[in-house]
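Visitor: Got a structure for you, written out below as structure tokens; questions coming shortly.
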Amino acid sequence: MILDERHCRKKVYSQDLPVDISTSLLSLVAEESNLRARLQDEADLLEKELATLTTIRQNATCGCPATAAPIAFSVTLKNNIATLGKEQAIVYDEINLNIGNSFDARHGIFTAPVDGPYEFTFATLVPGGKHTGMEIVKNGESVAKTESGDSSYYTMGTNVVALDLKAGDEVWVRHIDQSDSNIINGQSHTSFSGYLIEG
């Protein structure tokens with residue numbers, strides 16, 4: 001008669017080993033079985049967490065702040081102006097660039113679409129024998145000026161200014177009311193430009 005392995009093991013334990021050792025061995029076997037089950041559960045849990053982290057990594061995007069859309073304009077004056085009034089805004093008649101459509105060509109005014117630092121440059125050509133002052137203004141308040149003129153020669157006045165603007169703030173160039181002359185030349189020498197400085 002052939003006995004199976006479990007039966008033989010049971011017979012050996014019962015016949016050849018003391019009871020206390022058999023009990024200890026059976027206890028160790030049970031503990032080992034429990035440890036294996038716990039390790040398997042932990043391995044399954046780690047596998048699920050790894051799968052979740054892998055999915056998150058694959059779907060992750062840069063946490064960097066989004067960059068603002070570019071905002072920039074550049075306009076020039078082609079025709080001369082000989083009748084500037086006091087504090088009259090310069091209406092430039094040639095638009096070279098208007099990214100973001102924030103410059104209003106009808107009135108010569110730039111309106112900030114978003115908060116941020118902006119840089120502006122303006123230049124004015126004045127004919128010989130004339131002295132003309134110009135200024136760049138923010139919401140009607142002067143922030144930078146030029147005065148140029150000579151008894152015989154053409155002169156160019158230019159200035160650059162950086163401004164911290166809030167959305168809706170307006171910036172433009174106007175004739176200084178204390179100016180001796182109301183004449184400026186165009187021919188694309190007189191200009192106004194600005195852009196948003198990206199942080």
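Residue numbering restarts at 1 for every chain of the structure tokens, chains are lettered A, B, ... in their displayed order, and ligands are numbered from 1 as they appear.
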Would you please extract all strand (DSSP E or B) residues from range 95-195 of chain A, as assigned by DSSP on the backbone, and give them as a PyMOL selection string?
Guide: chain A and resi 95-99+103-104+109-111+116-126+131-138+141-149+155-165+170-175+184-185+190-195
Visitor: Quick one: everything within 8 Å of Ser102 in chain A, counting only C-alpha atoms, minus sequence neighbours fewer than 2 positions away in the same chain. Send it as a PDB file with all heavy atoms, in the first residue's frame.
Guide:
```pdb
ATOM      1  N   ILE A  71       2.201  90.845 -25.779  1.00  0.00           N
ATOM      2  CA  ILE A  71       1.525  92.121 -26.001  1.00  0.00           C
ATOM      3  C   ILE A  71       2.590  93.110 -26.436  1.00  0.00           C
ATOM      4  O   ILE A  71       3.566  93.325 -25.709  1.00  0.00           O
ATOM      5  CB  ILE A  71       0.833  92.623 -24.721  1.00  0.00           C
ATOM      6  CG1 ILE A  71      -0.231  91.619 -24.263  1.00  0.00           C
ATOM      7  CG2 ILE A  71       0.217  93.997 -24.924  1.00  0.00           C
ATOM      8  CD1 ILE A  71      -0.693  91.813 -22.850  1.00  0.00           C
ATOM      9  N   PHE A  73       3.249  96.724 -29.321  1.00  0.00           N
ATOM     10  CA  PHE A  73       2.790  97.583 -30.407  1.00  0.00           C
ATOM     11  C   PHE A  73       3.919  98.522 -30.821  1.00  0.00           C
ATOM     12  O   PHE A  73       4.835  98.800 -30.041  1.00  0.00           O
ATOM     13  CB  PHE A  73       1.554  98.396 -29.987  1.00  0.00           C
ATOM     14  CG  PHE A  73       1.861  99.532 -29.054  1.00  0.00           C
ATOM     15  CD1 PHE A  73       2.096 100.807 -29.540  1.00  0.00           C
ATOM     16  CD2 PHE A  73       1.946  99.319 -27.687  1.00  0.00           C
ATOM     17  CE1 PHE A  73       2.401 101.854 -28.680  1.00  0.00           C
ATOM     18  CE2 PHE A  73       2.248 100.347 -26.813  1.00  0.00           C
ATOM     19  CZ  PHE A  73       2.476 101.627 -27.310  1.00  0.00           C
ATOM     20  N   ASN A  98       0.775  95.472 -33.697  1.00  0.00           N
ATOM     21  CA  ASN A  98      -0.241  95.630 -32.652  1.00  0.00           C
ATOM     22  C   ASN A  98      -0.667  94.241 -32.160  1.00  0.00           C
ATOM     23  O   ASN A  98      -1.815  93.835 -32.283  1.00  0.00           O
ATOM     24  CB  ASN A  98      -1.440  96.426 -33.170  1.00  0.00           C
ATOM     25  CG  ASN A  98      -2.350  96.893 -32.042  1.00  0.00           C
ATOM     26  OD1 ASN A  98      -2.000  96.819 -30.873  1.00  0.00           O
ATOM     27  ND2 ASN A  98      -3.524  97.374 -32.397  1.00  0.00           N
ATOM     28  N   ILE A  99       0.295  93.522 -31.568  1.00  0.00           N
ATOM     29  CA  ILE A  99       0.033  92.174 -31.049  1.00  0.00           C
ATOM     30  C   ILE A  99      -0.806  92.293 -29.780  1.00  0.00           C
ATOM     31  O   ILE A  99      -0.401  92.947 -28.826  1.00  0.00           O
ATOM     32  CB  ILE A  99       1.341  91.431 -30.762  1.00  0.00           C
ATOM     33  CG1 ILE A  99       2.164  91.261 -32.042  1.00  0.00           C
ATOM     34  CG2 ILE A  99       1.058  90.068 -30.130  1.00  0.00           C
ATOM     35  CD1 ILE A  99       3.532  90.665 -31.815  1.00  0.00           C
ATOM     36  N   GLY A 100      -1.954  91.675 -29.779  1.00  0.00           N
ATOM     37  CA  GLY A 100      -2.858  91.767 -28.645  1.00  0.00           C
ATOM     38  C   GLY A 100      -3.937  92.822 -28.841  1.00  0.00           C
ATOM     39  O   GLY A 100      -4.859  92.925 -28.038  1.00  0.00           O
ATOM     40  N   ASP A 104      -5.136 101.580 -29.501  1.00  0.00           N
ATOM     41  CA  ASP A 104      -6.274 102.157 -30.222  1.00  0.00           C
ATOM     42  C   ASP A 104      -5.750 103.230 -31.170  1.00  0.00           C
ATOM     43  O   ASP A 104      -5.395 104.337 -30.749  1.00  0.00           O
ATOM     44  CB  ASP A 104      -7.258 102.763 -29.218  1.00  0.00           C
ATOM     45  CG  ASP A 104      -8.496 103.348 -29.881  1.00  0.00           C
ATOM     46  OD1 ASP A 104      -8.554 103.384 -31.135  1.00  0.00           O
ATOM     47  OD2 ASP A 104      -9.401 103.775 -29.149  1.00  0.00           O
ATOM     48  N   PHE A 110      -2.791 103.389 -25.703  1.00  0.00           N
ATOM     49  CA  PHE A 110      -2.572 101.980 -25.374  1.00  0.00           C
ATOM     50  C   PHE A 110      -3.292 101.691 -24.064  1.00  0.00           C
ATOM     51  O   PHE A 110      -3.140 102.418 -23.077  1.00  0.00           O
ATOM     52  CB  PHE A 110      -1.075 101.675 -25.211  1.00  0.00           C
ATOM     53  CG  PHE A 110      -0.799 100.311 -24.649  1.00  0.00           C
ATOM     54  CD1 PHE A 110      -0.835  99.194 -25.453  1.00  0.00           C
ATOM     55  CD2 PHE A 110      -0.526 100.144 -23.292  1.00  0.00           C
ATOM     56  CE1 PHE A 110      -0.583  97.925 -24.939  1.00  0.00           C
ATOM     57  CE2 PHE A 110      -0.276  98.888 -22.764  1.00  0.00           C
ATOM     58  CZ  PHE A 110      -0.305  97.777 -23.588  1.00  0.00           C
ATOM     59  N   THR A 111      -4.074 100.590 -24.032  1.00  0.00           N
ATOM     60  CA  THR A 111      -4.769 100.160 -22.820  1.00  0.00           C
ATOM     61  C   THR A 111      -4.225  98.803 -22.396  1.00  0.00           C
ATOM     62  O   THR A 111      -4.277  97.842 -23.170  1.00  0.00           O
ATOM     63  CB  THR A 111      -6.288 100.055 -23.055  1.00  0.00           C
ATOM     64  OG1 THR A 111      -6.775 101.330 -23.514  1.00  0.00           O
ATOM     65  CG2 THR A 111      -7.011  99.673 -21.772  1.00  0.00           C
ATOM     66  N   ALA A 112      -3.690  98.741 -21.181  1.00  0.00           N
ATOM     67  CA  ALA A 112      -3.093  97.487 -20.687  1.00  0.00           C
ATOM     68  C   ALA A 112      -4.173  96.417 -20.551  1.00  0.00           C
ATOM     69  O   ALA A 112      -5.148  96.623 -19.827  1.00  0.00           O
ATOM     70  CB  ALA A 112      -2.409  97.715 -19.350  1.00  0.00           C
ATOM     71  N   PRO A 113      -4.014  95.276 -21.215  1.00  0.00           N
ATOM     72  CA  PRO A 113      -5.014  94.200 -21.088  1.00  0.00           C
ATOM     73  C   PRO A 113      -4.834  93.352 -19.829  1.00  0.00           C
ATOM     74  O   PRO A 113      -5.775  92.724 -19.364  1.00  0.00           O
ATOM     75  CB  PRO A 113      -4.783  93.364 -22.349  1.00  0.00           C
ATOM     76  CG  PRO A 113      -3.349  93.579 -22.674  1.00  0.00           C
ATOM     77  CD  PRO A 113      -3.006  94.969 -22.224  1.00  0.00           C
TER      78      PRO A 113
END
```
Visitor: If you count only C-alpha atoms, which residues fall within 9 Å of Ile95 in chain A, apart from same-chain ones fewer than 6 positions away, as a PDB file with C-alpha atoms, in the first residue's frame?
Guide:
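Result written to part.pdb:
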```pdb
ATOM      1  CA  PHE A  73       2.790  97.583 -30.407  1.00  0.00           C
ATOM      2  CA  SER A  74       4.797  99.961 -32.565  1.00  0.00           C
ATOM      3  CA  VAL A  75       3.348 102.970 -34.394  1.00  0.00           C
ATOM      4  CA  THR A  76       4.811 105.870 -36.343  1.00  0.00           C
ATOM      5  CA  LEU A  77       3.718 109.208 -37.741  1.00  0.00           C
ATOM      6  CA  ALA A 105      -5.143 103.820 -33.456  1.00  0.00           C
TER       7      ALA A 105
END
```
Visitor: What is the CA of Leu35 in chain A to CA of Lys48 in chain A distance in Å?
Guide: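 So the answer is 20.0 Å.
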Visitor: Please compute the CA of Val114 in chain A-CA of Tyr195 in chain A distance, one decimal, in Å.
Guide: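 It comes out at 11.5 Å.
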Visitor: What is the CA of Thr132 in chain A-CA of Gly149 in chain A distance in Å, reported with one decimal?
Guide: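 Straight-line distance from CA of Thr132 in chain A to CA of Gly149 in chain A works out to 6.3 Å.
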Visitor: Which is closer to Ile136 in chain A than all the others in A:Asp150, A:Glu198, A:Glu87, A:Glu49, using only C-alpha atoms?
Guide: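 Once distances to Ile136 in chain A are computed over only C-alpha atoms, the minimum belongs to A:Glu87.
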Visitor: Considering only C-alpha atoms, state which residue in the set A:Gly133, A:Gly140, A:Gly85, A:Pro18 is at the smallest distance from Asn159 in chain A.
Guide: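 For Asn159 in chain A, the nearest of the given residues is A:Gly133.
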Visitor: Got a sec to tell me which of range 18-185 of chain A DSSP assigns to helix (DSSP H, G or I), as a VMD selection string?
Guide: chain A and resid 19 to 59
Visitor: Identify which of the residues A:Asp93, A:Glu141, A:Asp44, A:Glu119 lies closest to Glu170 in chain A, counting only C-alpha atoms when measuring atom-to-atom distances.
Guide: A:Glu141
